[in-house]
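Raw query01.pdb, PDB, C-alpha atoms:
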ATOM      1  CA  MET A 153    -121.726  55.700-115.525
ATOM      2  CA  GLY A 154    -119.893  53.240-113.263
ATOM      3  CA  GLU A 155    -121.078  49.831-112.237
ATOM      4  CA  GLY A 156    -124.681  49.925-111.133
ATOM      5  CA  GLY A 157    -124.814  53.645-111.823
ATOM      6  CA  GLY A 158    -122.495  54.366-108.908
ATOM      7  CA  LEU A 159    -124.254  52.061-106.447
ATOM      8  CA  ALA A 160    -122.162  50.809-103.562
ATOM      9  CA  LEU A 161    -122.301  47.055-103.968
ATOM     10  CA  ARG A 162    -120.703  44.258-102.037
ATOM     11  CA  GLY A 163    -119.813  41.007-103.807
ATOM     12  CA  THR A 164    -118.668  38.984-100.811
ATOM     13  CA  ALA A 165    -121.324  37.084 -98.880
ATOM     14  CA  ARG A 166    -121.347  37.207 -95.079
ATOM     15  CA  PRO A 167    -123.067  34.844 -92.627
ATOM     16  CA  GLU A 168    -125.648  37.499 -91.690
ATOM     17  CA  ASP A 169    -126.731  37.713 -95.337
ATOM     18  CA  VAL A 170    -128.578  34.385 -95.043
ATOM     19  CA  GLU A 171    -131.203  35.908 -92.756
ATOM     20  CA  ALA A 172    -131.043  39.375 -94.365
ATOM     21  CA  VAL A 173    -131.821  37.862 -97.780
ATOM     22  CA  ARG A 174    -134.694  35.827 -96.334
ATOM     23  CA  ALA A 175    -136.135  38.899 -94.625
ATOM     24  CA  LEU A 176    -135.812  40.998 -97.778
ATOM     25  CA  VAL A 177    -137.366  38.349-100.003
ATOM     26  CA  ALA A 178    -140.183  37.846 -97.479
ATOM     27  CA  SER A 179    -140.779  41.637 -97.321
ATOM     28  CA  THR A 180    -141.875  41.668-100.942
ATOM     29  CA  GLY A 181    -144.900  39.499-100.094
ATOM     30  CA  PHE A 182    -144.155  37.851-103.368
ATOM     31  CA  PHE A 183    -142.587  34.513-102.646
ATOM     32  CA  SER A 184    -143.684  31.269-101.034
ATOM     33  CA  ALA A 185    -142.140  29.952 -97.815
ATOM     34  CA  GLU A 186    -140.215  27.407 -99.912
ATOM     35  CA  GLU A 187    -138.833  30.153-102.145
ATOM     36  CA  ILE A 188    -137.864  32.338 -99.168
ATOM     37  CA  ALA A 189    -135.980  29.440 -97.603
ATOM     38  CA  MET A 190    -134.290  28.646-100.896
ATOM     39  CA  ALA A 191    -133.077  32.222-101.402
ATOM     40  CA  GLY A 192    -131.261  32.001 -98.060
ATOM     41  CA  ASP A 193    -129.944  28.526 -98.859
ATOM     42  CA  LEU A 194    -128.082  29.855-101.900
ATOM     43  CA  VAL A 195    -126.196  32.309 -99.679
ATOM     44  CA  ARG A 196    -125.477  29.513 -97.229
ATOM     45  CA  GLU A 197    -124.118  27.335-100.032
ATOM     46  CA  ARG A 198    -121.893  30.155-101.230
ATOM     47  CA  LEU A 199    -120.536  30.593 -97.703
ATOM     48  CA  ALA A 200    -119.962  26.846 -97.337
ATOM     49  CA  ILE A 201    -118.201  26.032-100.600
ATOM     50  CA  GLY A 202    -117.321  29.375-102.184
ATOM     51  CA  GLU A 203    -117.048  29.748-105.923
ATOM     52  CA  ALA A 204    -117.740  26.026-106.450
ATOM     53  CA  SER A 205    -121.340  26.793-105.466
ATOM     54  CA  GLY A 206    -121.769  28.525-108.803
ATOM     55  CA  TYR A 207    -123.513  31.416-107.020
ATOM     56  CA  GLU A 208    -122.281  34.984-107.220
ATOM     57  CA  PHE A 209    -123.941  37.777-105.267
ATOM     58  CA  LEU A 210    -124.276  41.517-105.296
ATOM     59  CA  PHE A 211    -125.606  43.117-102.116
ATOM     60  CA  HIS A 212    -126.700  46.715-101.748
ATOM     61  CA  GLU A 213    -127.036  48.181 -98.277
ATOM     62  CA  GLU A 214    -128.498  51.465 -97.151
ATOM     63  CA  ALA A 215    -127.857  52.644 -93.598
ATOM     64  CA  GLY A 216    -126.355  49.231 -92.862
ATOM     65  CA  ARG A 217    -129.470  47.387 -93.929
ATOM     66  CA  LEU A 218    -129.908  45.206 -97.016
ATOM     67  CA  ALA A 219    -132.011  47.113 -99.568
ATOM     68  CA  GLY A 220    -131.572  44.896-102.609
ATOM     69  CA  TYR A 221    -129.517  42.024-103.928
ATOM     70  CA  ALA A 222    -129.012  39.711-106.850
ATOM     71  CA  CYS A 223    -127.704  36.177-107.293
ATOM     72  CA  PHE A 224    -126.337  34.930-110.591
ATOM     73  CA  GLY A 225    -123.812  32.438-111.875
ATOM     74  CA  PRO A 226    -122.285  30.671-114.849
ATOM     75  CA  ILE A 227    -124.287  27.831-116.394
ATOM     76  CA  PRO A 228    -122.234  24.619-116.287
ATOM     77  CA  CYS A 229    -121.152  23.254-119.679
ATOM     78  CA  ALA A 230    -122.379  26.380-121.486
ATOM     79  CA  PRO A 231    -119.401  28.750-121.755
ATOM     80  CA  GLY A 232    -120.352  32.422-121.561
ATOM     81  CA  ARG A 233    -123.937  31.683-120.493
ATOM     82  CA  PHE A 234    -125.174  32.878-117.113
ATOM     83  CA  ASP A 235    -128.323  32.436-115.081
ATOM     84  CA  LEU A 236    -129.801  35.250-113.047
ATOM     85  CA  TYR A 237    -131.293  33.294-110.147
ATOM     86  CA  TRP A 238    -132.623  36.069-107.946
ATOM     87  CA  ILE A 239    -133.015  39.787-107.960
ATOM     88  CA  ALA A 240    -135.061  41.458-105.259
ATOM     89  CA  VAL A 241    -135.505  44.859-103.692
ATOM     90  CA  ARG A 242    -136.851  45.506-100.195
ATOM     91  CA  GLU A 243    -140.540  46.336-100.283
ATOM     92  CA  ASP A 244    -140.152  49.971 -99.103
ATOM     93  CA  ARG A 245    -137.523  50.596-101.799
ATOM     94  CA  ARG A 246    -139.515  49.231-104.741
ATOM     95  CA  GLY A 247    -140.182  51.598-107.622
ATOM     96  CA  SER A 248    -137.024  53.593-106.905
ATOM     97  CA  GLY A 249    -134.970  52.289-109.832
ATOM     98  CA  LEU A 250    -132.807  50.291-107.460
ATOM     99  CA  GLY A 251    -133.659  46.979-109.142
ATOM    100  CA  ARG A 252    -132.658  48.357-112.514
ATOM    101  CA  ARG A 253    -129.315  49.558-111.154
ATOM    102  CA  ILE A 254    -128.576  46.235-109.450
ATOM    103  CA  LEU A 255    -129.462  44.430-112.681
ATOM    104  CA  ALA A 256    -127.112  46.704-114.653
ATOM    105  CA  ALA A 257    -124.347  45.913-112.164
ATOM    106  CA  CYS A 258    -124.934  42.158-112.601
ATOM    107  CA  GLU A 259    -124.738  42.531-116.352
ATOM    108  CA  GLU A 260    -121.491  44.444-116.026
ATOM    109  CA  ARG A 261    -119.983  41.731-113.813
ATOM    110  CA  ILE A 262    -121.129  39.024-116.205
ATOM    111  CA  ARG A 263    -119.738  40.899-119.178
ATOM    112  CA  ARG A 264    -116.374  41.275-117.464
ATOM    113  CA  ALA A 265    -116.402  37.525-116.708
ATOM    114  CA  GLY A 266    -116.746  36.845-120.436
ATOM    115  CA  GLY A 267    -120.493  36.312-120.382
ATOM    116  CA  VAL A 268    -122.505  36.770-123.551
ATOM    117  CA  LYS A 269    -125.990  35.604-122.651
ATOM    118  CA  ILE A 270    -128.064  35.944-119.501
ATOM    119  CA  TYR A 271    -131.085  33.744-118.830
ATOM    120  CA  VAL A 272    -133.870  34.418-116.349
ATOM    121  CA  ASP A 273    -136.748  32.123-115.489
ATOM    122  CA  THR A 274    -140.026  33.596-114.411
ATOM    123  CA  ALA A 275    -143.658  32.571-114.206
ATOM    124  CA  SER A 276    -146.601  33.423-116.415
ATOM    125  CA  ARG A 277    -149.124  33.939-113.641
ATOM    126  CA  ASP A 278    -150.535  37.399-113.009
ATOM    127  CA  GLN A 279    -148.512  37.977-109.860
ATOM    128  CA  TYR A 280    -145.385  38.057-112.026
ATOM    129  CA  ARG A 281    -146.632  40.689-114.444
ATOM    130  CA  PRO A 282    -144.422  43.438-112.880
ATOM    131  CA  THR A 283    -141.464  41.050-112.951
ATOM    132  CA  ARG A 284    -141.902  40.343-116.639
ATOM    133  CA  ALA A 285    -142.353  44.056-117.359
ATOM    134  CA  PHE A 286    -139.121  44.712-115.457
ATOM    135  CA  TYR A 287    -137.117  42.305-117.614
ATOM    136  CA  GLU A 288    -138.776  43.490-120.812
ATOM    137  CA  GLY A 289    -137.968  47.082-119.909
ATOM    138  CA  ASN A 290    -134.332  46.105-119.426
ATOM    139  CA  GLY A 291    -133.684  44.459-122.770
ATOM    140  CA  TYR A 292    -134.730  40.883-121.996
ATOM    141  CA  ALA A 293    -136.838  38.988-124.539
ATOM    142  CA  VAL A 294    -138.947  35.852-124.146
ATOM    143  CA  GLU A 295    -136.927  32.943-125.483
ATOM    144  CA  ALA A 296    -139.142  30.006-124.515
ATOM    145  CA  ARG A 297    -142.228  29.042-122.591
ATOM    146  CA  LEU A 298    -142.867  25.755-120.804
ATOM    147  CA  ALA A 299    -146.601  25.194-120.467
ATOM    148  CA  ASP A 300    -147.956  24.322-117.017
ATOM    149  CA  PHE A 301    -144.460  24.151-115.558
ATOM    150  CA  TYR A 302    -144.929  25.534-112.036
ATOM    151  CA  SER A 303    -148.434  24.155-111.854
ATOM    152  CA  ASP A 304    -151.319  23.631-114.235
ATOM    153  CA  GLY A 305    -152.036  27.042-115.759
ATOM    154  CA  ASP A 306    -148.718  28.575-114.672
ATOM    155  CA  ASP A 307    -146.032  28.437-117.345
ATOM    156  CA  LYS A 308    -142.309  28.966-117.011
ATOM    157  CA  VAL A 309    -141.260  31.942-119.133
ATOM    158  CA  ILE A 310    -137.567  32.029-119.996
ATOM    159  CA  TYR A 311    -136.069  35.398-120.858
ATOM    160  CA  VAL A 312    -132.707  36.015-122.456
ATOM    161  CA  LYS A 313    -130.500  39.020-123.020
ATOM    162  CA  ASP A 314    -127.636  38.761-125.466
ATOM    163  CA  LEU A 315    -124.960  41.108-124.195
ATOM    164  CA  ARG A 316    -123.329  41.196-127.619
ATOM    165  CA  ALA A 317    -126.523  42.613-129.121
ATOM    166  CA  ALA A 318    -127.076  45.116-126.308
ATOM    167  CA  PRO A 319    -125.940  48.722-126.778
TER     168      PRO A 319
ATOM    169  CA  MET B  79    -144.436  -5.983-116.019
ATOM    170  CA  GLY B  80    -142.626  -4.851-112.880
ATOM    171  CA  GLU B  81    -140.572  -1.730-112.463
ATOM    172  CA  GLY B  82    -138.081  -1.387-115.298
ATOM    173  CA  GLY B  83    -139.443  -4.513-116.936
ATOM    174  CA  GLY B  84    -138.064  -6.688-114.172
ATOM    175  CA  LEU B  85    -134.635  -5.023-114.026
ATOM    176  CA  ALA B  86    -132.774  -5.299-110.754
ATOM    177  CA  LEU B  87    -132.242  -1.698-109.731
ATOM    178  CA  ARG B  88    -130.646  -0.143-106.698
ATOM    179  CA  GLY B  89    -131.871   3.224-105.486
ATOM    180  CA  THR B  90    -129.337   3.820-102.714
ATOM    181  CA  ALA B  91    -126.073   5.500-103.691
ATOM    182  CA  ARG B  92    -122.765   4.101-102.379
ATOM    183  CA  PRO B  93    -119.377   5.817-102.217
ATOM    184  CA  GLU B  94    -117.982   3.638-105.028
ATOM    185  CA  ASP B  95    -120.744   4.905-107.340
ATOM    186  CA  VAL B  96    -118.949   8.250-107.724
ATOM    187  CA  GLU B  97    -116.144   6.672-109.713
ATOM    188  CA  ALA B  98    -118.341   3.994-111.319
ATOM    189  CA  VAL B  99    -120.635   6.685-112.702
ATOM    190  CA  ARG B 100    -117.706   8.700-114.009
ATOM    191  CA  ALA B 101    -116.220   5.620-115.701
ATOM    192  CA  LEU B 102    -119.556   4.703-117.237
ATOM    193  CA  VAL B 103    -120.248   8.211-118.488
ATOM    194  CA  ALA B 104    -116.700   8.429-119.885
ATOM    195  CA  SER B 105    -117.118   5.034-121.634
ATOM    196  CA  THR B 106    -119.797   6.470-123.882
ATOM    197  CA  GLY B 107    -117.243   8.823-125.475
ATOM    198  CA  PHE B 108    -120.083  11.263-125.447
ATOM    199  CA  PHE B 109    -119.432  13.740-122.688
ATOM    200  CA  SER B 110    -116.834  16.409-121.960
ATOM    201  CA  ALA B 111    -114.424  16.179-119.028
ATOM    202  CA  GLU B 112    -116.551  18.806-117.241
ATOM    203  CA  GLU B 113    -119.708  16.750-117.781
ATOM    204  CA  ILE B 114    -118.014  13.534-116.596
ATOM    205  CA  ALA B 115    -116.849  15.246-113.421
ATOM    206  CA  MET B 116    -120.286  16.713-112.858
ATOM    207  CA  ALA B 117    -122.041  13.334-113.188
ATOM    208  CA  GLY B 118    -119.870  12.039-110.344
ATOM    209  CA  ASP B 119    -120.408  15.193-108.293
ATOM    210  CA  LEU B 120    -124.152  14.603-108.216
ATOM    211  CA  VAL B 121    -123.583  11.188-106.609
ATOM    212  CA  ARG B 122    -121.163  12.772-104.158
ATOM    213  CA  GLU B 123    -123.730  15.430-103.253
ATOM    214  CA  ARG B 124    -126.366  12.756-102.698
ATOM    215  CA  LEU B 125    -123.983  10.876-100.391
ATOM    216  CA  ALA B 126    -123.110  14.072 -98.506
ATOM    217  CA  ILE B 127    -126.553  15.538 -97.867
ATOM    218  CA  GLY B 128    -129.030  12.795 -98.800
ATOM    219  CA  GLU B 129    -132.497  13.667 -99.995
ATOM    220  CA  ALA B 130    -131.830  17.412 -99.551
ATOM    221  CA  SER B 131    -129.558  17.157-102.600
ATOM    222  CA  GLY B 132    -132.655  16.790-104.745
ATOM    223  CA  TYR B 133    -130.965  13.919-106.596
ATOM    224  CA  GLU B 134    -132.462  10.449-106.802
ATOM    225  CA  PHE B 135    -130.632   7.590-108.490
ATOM    226  CA  LEU B 136    -131.330   4.234-110.044
ATOM    227  CA  PHE B 137    -128.318   1.990-110.615
ATOM    228  CA  HIS B 138    -128.296  -1.194-112.659
ATOM    229  CA  GLU B 139    -125.436  -3.638-112.221
ATOM    230  CA  GLU B 140    -124.525  -6.714-114.194
ATOM    231  CA  ALA B 141    -121.969  -9.129-112.781
ATOM    232  CA  GLY B 142    -121.238  -6.598-110.039
ATOM    233  CA  ARG B 143    -120.407  -3.828-112.497
ATOM    234  CA  LEU B 144    -122.439  -0.710-113.245
ATOM    235  CA  ALA B 145    -124.134  -1.140-116.632
ATOM    236  CA  GLY B 146    -126.484   1.815-116.600
ATOM    237  CA  TYR B 147    -127.921   4.451-114.315
ATOM    238  CA  ALA B 148    -130.199   7.441-114.132
ATOM    239  CA  CYS B 149    -130.386  10.541-111.955
ATOM    240  CA  PHE B 150    -133.592  12.502-111.515
ATOM    241  CA  GLY B 151    -135.281  14.680-108.938
ATOM    242  CA  PRO B 152    -138.163  16.973-108.072
ATOM    243  CA  ILE B 153    -138.006  20.530-109.409
ATOM    244  CA  PRO B 154    -138.138  22.996-106.480
ATOM    245  CA  CYS B 155    -141.261  25.151-106.310
ATOM    246  CA  ALA B 156    -142.965  23.163-109.064
ATOM    247  CA  PRO B 157    -145.027  20.447-107.363
ATOM    248  CA  GLY B 158    -145.232  17.219-109.364
ATOM    249  CA  ARG B 159    -142.561  18.308-111.857
ATOM    250  CA  PHE B 160    -139.341  16.340-112.136
ATOM    251  CA  ASP B 161    -136.085  16.751-114.002
ATOM    252  CA  LEU B 162    -134.279  13.799-115.515
ATOM    253  CA  TYR B 163    -130.661  14.940-115.111
ATOM    254  CA  TRP B 164    -128.766  11.941-116.434
ATOM    255  CA  ILE B 165    -129.406   8.620-118.037
ATOM    256  CA  ALA B 166    -126.515   6.618-119.414
ATOM    257  CA  VAL B 167    -125.687   3.071-120.386
ATOM    258  CA  ARG B 168    -122.188   1.607-120.532
ATOM    259  CA  GLU B 169    -120.838   1.672-124.062
ATOM    260  CA  ASP B 170    -120.766  -2.140-124.532
ATOM    261  CA  ARG B 171    -124.419  -2.369-123.402
ATOM    262  CA  ARG B 172    -125.811   0.304-125.733
ATOM    263  CA  GLY B 173    -128.520  -0.753-128.156
ATOM    264  CA  SER B 174    -129.715  -3.502-125.807
ATOM    265  CA  GLY B 175    -132.880  -1.764-124.638
ATOM    266  CA  LEU B 176    -131.343  -1.199-121.220
ATOM    267  CA  GLY B 177    -131.714   2.588-121.448
ATOM    268  CA  ARG B 178    -135.392   2.253-122.238
ATOM    269  CA  ARG B 179    -135.931  -0.046-119.258
ATOM    270  CA  ILE B 180    -134.067   2.267-116.875
ATOM    271  CA  LEU B 181    -136.104   5.199-118.191
ATOM    272  CA  ALA B 182    -139.336   3.273-117.627
ATOM    273  CA  ALA B 183    -138.222   2.553-114.064
ATOM    274  CA  CYS B 184    -137.545   6.274-113.461
ATOM    275  CA  GLU B 185    -140.972   7.153-114.748
ATOM    276  CA  GLU B 186    -142.537   4.582-112.458
ATOM    277  CA  ARG B 187    -140.673   5.994-109.437
ATOM    278  CA  ILE B 188    -141.668   9.518-110.370
ATOM    279  CA  ARG B 189    -145.284   8.510-110.857
ATOM    280  CA  ARG B 190    -145.340   6.867-107.429
ATOM    281  CA  ALA B 191    -143.864  10.036-105.927
ATOM    282  CA  GLY B 192    -146.814  12.003-107.319
ATOM    283  CA  GLY B 193    -144.999  13.279-110.396
ATOM    284  CA  VAL B 194    -146.993  14.375-113.420
ATOM    285  CA  LYS B 195    -144.399  15.897-115.743
ATOM    286  CA  ILE B 196    -140.806  14.968-116.536
ATOM    287  CA  TYR B 197    -138.411  17.406-118.194
ATOM    288  CA  VAL B 198    -135.173  16.563-119.962
ATOM    289  CA  ASP B 199    -132.662  19.007-121.381
ATOM    290  CA  THR B 200    -130.599  18.016-124.351
ATOM    291  CA  ALA B 201    -128.593  19.666-127.105
ATOM    292  CA  SER B 202    -129.409  20.256-130.751
ATOM    293  CA  ARG B 203    -125.978  19.399-132.141
ATOM    294  CA  ASP B 204    -125.578  16.316-134.310
ATOM    295  CA  GLN B 205    -123.851  14.286-131.638
ATOM    296  CA  TYR B 206    -127.121  14.274-129.695
ATOM    297  CA  ARG B 207    -129.259  12.952-132.537
ATOM    298  CA  PRO B 208    -129.459   9.436-130.980
ATOM    299  CA  THR B 209    -130.298  10.998-127.615
ATOM    300  CA  ARG B 210    -133.161  12.980-129.079
ATOM    301  CA  ALA B 211    -134.399   9.914-130.980
ATOM    302  CA  PHE B 212    -134.307   7.972-127.692
ATOM    303  CA  TYR B 213    -136.543  10.472-125.929
ATOM    304  CA  GLU B 214    -138.875  10.819-128.889
ATOM    305  CA  GLY B 215    -139.198   7.042-129.078
ATOM    306  CA  ASN B 216    -140.177   6.987-125.416
ATOM    307  CA  GLY B 217    -143.014   9.483-125.481
ATOM    308  CA  TYR B 218    -141.117  12.740-124.899
ATOM    309  CA  ALA B 219    -141.994  15.792-127.004
ATOM    310  CA  VAL B 220    -140.045  18.982-127.637
ATOM    311  CA  GLU B 221    -141.472  21.673-125.378
ATOM    312  CA  ALA B 222    -139.012  24.507-125.977
ATOM    313  CA  ARG B 223    -135.771  25.405-127.659
ATOM    314  CA  LEU B 224    -133.218  27.963-126.463
ATOM    315  CA  ALA B 225    -131.146  29.164-129.416
ATOM    316  CA  ASP B 226    -127.343  29.095-129.060
ATOM    317  CA  PHE B 227    -127.599  27.993-125.442
ATOM    318  CA  TYR B 228    -124.620  25.640-125.054
ATOM    319  CA  SER B 229    -122.610  27.609-127.577
ATOM    320  CA  ASP B 230    -123.307  29.522-130.755
ATOM    321  CA  GLY B 231    -125.061  27.057-133.082
ATOM    322  CA  ASP B 232    -125.902  24.570-130.312
ATOM    323  CA  ASP B 233    -129.389  25.018-128.891
ATOM    324  CA  LYS B 234    -130.862  23.623-125.705
ATOM    325  CA  VAL B 235    -133.815  21.390-126.547
ATOM    326  CA  ILE B 236    -136.213  20.794-123.676
ATOM    327  CA  TYR B 237    -138.359  17.671-123.809
ATOM    328  CA  VAL B 238    -141.347  16.914-121.646
ATOM    329  CA  LYS B 239    -143.475  13.871-120.945
ATOM    330  CA  ASP B 240    -146.816  14.314-119.257
ATOM    331  CA  LEU B 241    -147.397  11.155-117.249
ATOM    332  CA  ARG B 242    -151.110  11.897-117.076
ATOM    333  CA  ALA B 243    -151.325  11.780-120.869
ATOM    334  CA  ALA B 244    -149.170   8.668-121.193
ATOM    335  CA  PRO B 245    -150.875   5.283-121.616
TER     336      PRO B 245
END

Show how you would write the structure in this file as C-alpha cells.
Amino acid sequence: MGEGGGLALRGTARPEDVEAVRALVASTGFFSAEEIAMAGDLVRERLAIGEASGYEFLFHEEAGRLAGYACFGPIPCAPGRFDLYWIAVREDRRGSGLGRRILAACEERIRRAGGVKIYVDTASRDQYRPTRAFYEGNGYAVEARLADFYSDGDDKVIYVKDLRAAP
Amino acid sequence: MGEGGGLALRGTARPEDVEAVRALVASTGFFSAEEIAMAGDLVRERLAIGEASGYEFLFHEEAGRLAGYACFGPIPCAPGRFDLYWIAVREDRRGSGLGRRILAACEERIRRAGGVKIYVDTASRDQYRPTRAFYEGNGYAVEARLADFYSDGDDKVIYVKDLRAAP
C-alpha cells in the first residue's frame, strides 16, 4: 500500500489553506474559537517562514475541497522525535477511514525523515473520547497525563507511538 | 518582600537582548548550539510580534550587563496555565541565589496575570541534576515523565507548581 493507502495528498501549503483549514476545523463542532484560529495560524506561519516554522502539512482534497489534513513537525532539540499537532477530517467525511489514512501518511513521512517517535497531546474530557479511541486504535499508547492541565478536571493526555516498535 | 526579593528587573525586551541572552546561555556551558540559538530566537520573536509571540521576559542586569533572565508565557487553550521556557543565570553569578529570586519574580508576574499552574520541562540526564534540584527546592513537583524523549535514555521530566497550593 502506498503512502496514505493511495490517498492523493498535497504537502505544500497555499494561502487559501488558512481559511480552508479554519472552515474544516470549525465544521467538526469540536474546537473552540481560539483553537480554530490557531489551526489557521499554523498554516499562515508555514507560508510566512517556510520550514523554519517547524510545521509540515498534508492536505487531502476531494472535488477541489479540503476533506482532511494534518500538521506535524520535528520537536526541537529532540532528534527523531515529532509532534502531531493537528489531524482533522471534515464533518461529512468522518467515519470513512480518511483520518486513519491521513495519519498513516504522516507516519510514513515522519519515518522517511528519520523520525522514531511521534507524540500527540489530547484532553481527558469526554468530548475527546473518540479522539483517544482513534489514537489507541492506531497504535498510540498513553505515555503521560498532566492533571488539570487544560482546566480543573481536564487533564492533558500525551500519547506516543514508537515507529521502531510498530509493525 | 517585593517582586523578586527587591531585584531590579526589566520586562521589556530590547534588540541587544538577543545576543546578550545567547552569550549568557552559552556561558553556562550547559546548552547545545541549537538550544543557544533558540534562546535568542525567542527574544527575536518577542521583538518582532510582541505579545502575540506568547513569550514574556524578565531581565536582570548588574553593572549594565545581563546577569540572569527568564522567559515564560501563557499556554494556549489552557486558561491560567503557564510554561516557564527558560531561566538562566550567568556562569559567574551561579550559586548566588539569583536564579531563585528571578524564579520568584516570574511566579509573582504569573500570579498577577491570573496564573494558577506553572509547567517546566527538563531532562532526566545527569547534567540536569542541579536543574531538577533547583525546581524541587522551589516547590515544583514531578508531574510526568516521557521516556526516551530527548534521545534514547534521556527522558523529559515535566514539573508543575500549583500557585493555589503554594504558601

Could you work out how far CA of Pro154 in chain B lies from CA of Asp273 in chain A, giving the answer in Å with one decimal?
->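 These atoms are spaced 12.9 Å apart.
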
6 Å contacts from chain B to chain A using all atoms listed in the file, as a PyMOL selection string | chain B and resi 156+222+228

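Relative to CA of Trp238 in chain A, CA of Phe224 in chain A is found at 6.9 Å.
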
For CA of Arg100 in chain B and CA of Leu236 in chain A, the interatomic separation in Å (one decimal) =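 A separation of 29.2 Å between them.
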
What residues come out when you apply the PyMOL selection byres ((chain A and resi 245-255) around 12) to this file, written as a VMD selection string?
-> chain A and resid 153 to 163 176 179 to 180 209 to 214 217 to 224 236 to 244 256 to 262 270 272 282 to 283 285 to 292 313

All residues 12 Å or closer to Glu97 in chain B, all atoms listed in the file, same chain fewer than 3 positions away omitted, as a count of residues only | 20

Residue with smallest distance to Val220 in chain B - pool B:Tyr206, B:Thr200, B:Ala243, B:Val235, counting all atoms listed in the file | B:Val235

Which residues match the PyMOL selection byres ((chain B and resi 203) around 8) in the file above, as a VMD selection string?
-> chain B and resid 201 to 202 204 to 207 231 to 233

To test the calculation: enclose all listed atoms of range 285-297 of chain A in a box whose edges run along x, y and z, add 4 Å on each side, then state centre and edge lengths in Å to one decimal, as lines of an AutoDock Vina configuration file.
center_x = -138.0
center_y = 38.1
center_z = -120.5
size_x = 16.7
size_y = 26.0
size_z = 18.0

What would range 257-274 of chain A look like with N, CA and C atoms in place, written as a compact mmCIF listing (two decimals), keeping the file's coordinate frame?
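So the final result, stored in out13.txt, reads:
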# COMPACT_ATOMS: atom_id res chain seq x y z
N ALA A 257 -125.62 46.30 -112.78
CA ALA A 257 -124.35 45.91 -112.16
C ALA A 257 -124.06 44.43 -112.39
N CYS A 258 -125.10 43.59 -112.31
CA CYS A 258 -124.93 42.16 -112.60
C CYS A 258 -124.46 41.98 -114.03
N GLU A 259 -125.09 42.68 -114.93
CA GLU A 259 -124.74 42.53 -116.35
C GLU A 259 -123.29 42.94 -116.58
N GLU A 260 -122.87 43.98 -115.89
CA GLU A 260 -121.49 44.44 -116.03
C GLU A 260 -120.51 43.39 -115.50
N ARG A 261 -120.84 42.80 -114.36
CA ARG A 261 -119.98 41.73 -113.81
C ARG A 261 -119.91 40.55 -114.77
N ILE A 262 -121.06 40.18 -115.31
CA ILE A 262 -121.13 39.02 -116.20
C ILE A 262 -120.33 39.30 -117.48
N ARG A 263 -120.48 40.50 -117.98
CA ARG A 263 -119.74 40.90 -119.18
C ARG A 263 -118.22 40.81 -118.93
N ARG A 264 -117.81 41.29 -117.78
CA ARG A 264 -116.37 41.28 -117.46
C ARG A 264 -115.86 39.85 -117.26
N ALA A 265 -116.78 38.94 -116.87
CA ALA A 265 -116.40 37.52 -116.71
C ALA A 265 -116.48 36.77 -118.03
N GLY A 266 -116.71 37.50 -119.12
CA GLY A 266 -116.75 36.84 -120.44
C GLY A 266 -118.12 36.35 -120.84
N GLY A 267 -119.14 36.77 -120.08
CA GLY A 267 -120.49 36.31 -120.38
C GLY A 267 -121.08 36.98 -121.61
N VAL A 268 -121.87 36.22 -122.37
CA VAL A 268 -122.50 36.77 -123.55
C VAL A 268 -124.03 36.67 -123.52
N LYS A 269 -124.54 35.74 -122.73
CA LYS A 269 -125.99 35.60 -122.65
C LYS A 269 -126.41 35.42 -121.20
N ILE A 270 -127.51 36.08 -120.85
CA ILE A 270 -128.06 35.94 -119.50
C ILE A 270 -129.49 35.41 -119.61
N TYR A 271 -129.75 34.34 -118.86
CA TYR A 271 -131.08 33.74 -118.83
C TYR A 271 -131.76 34.02 -117.50
N VAL A 272 -133.07 34.24 -117.56
CA VAL A 272 -133.87 34.42 -116.35
C VAL A 272 -135.15 33.62 -116.52
N ASP A 273 -135.48 32.86 -115.50
CA ASP A 273 -136.75 32.12 -115.49
C ASP A 273 -137.77 32.92 -114.70
N THR A 274 -138.96 33.02 -115.24
CA THR A 274 -140.03 33.60 -114.41
C THR A 274 -141.33 32.88 -114.73
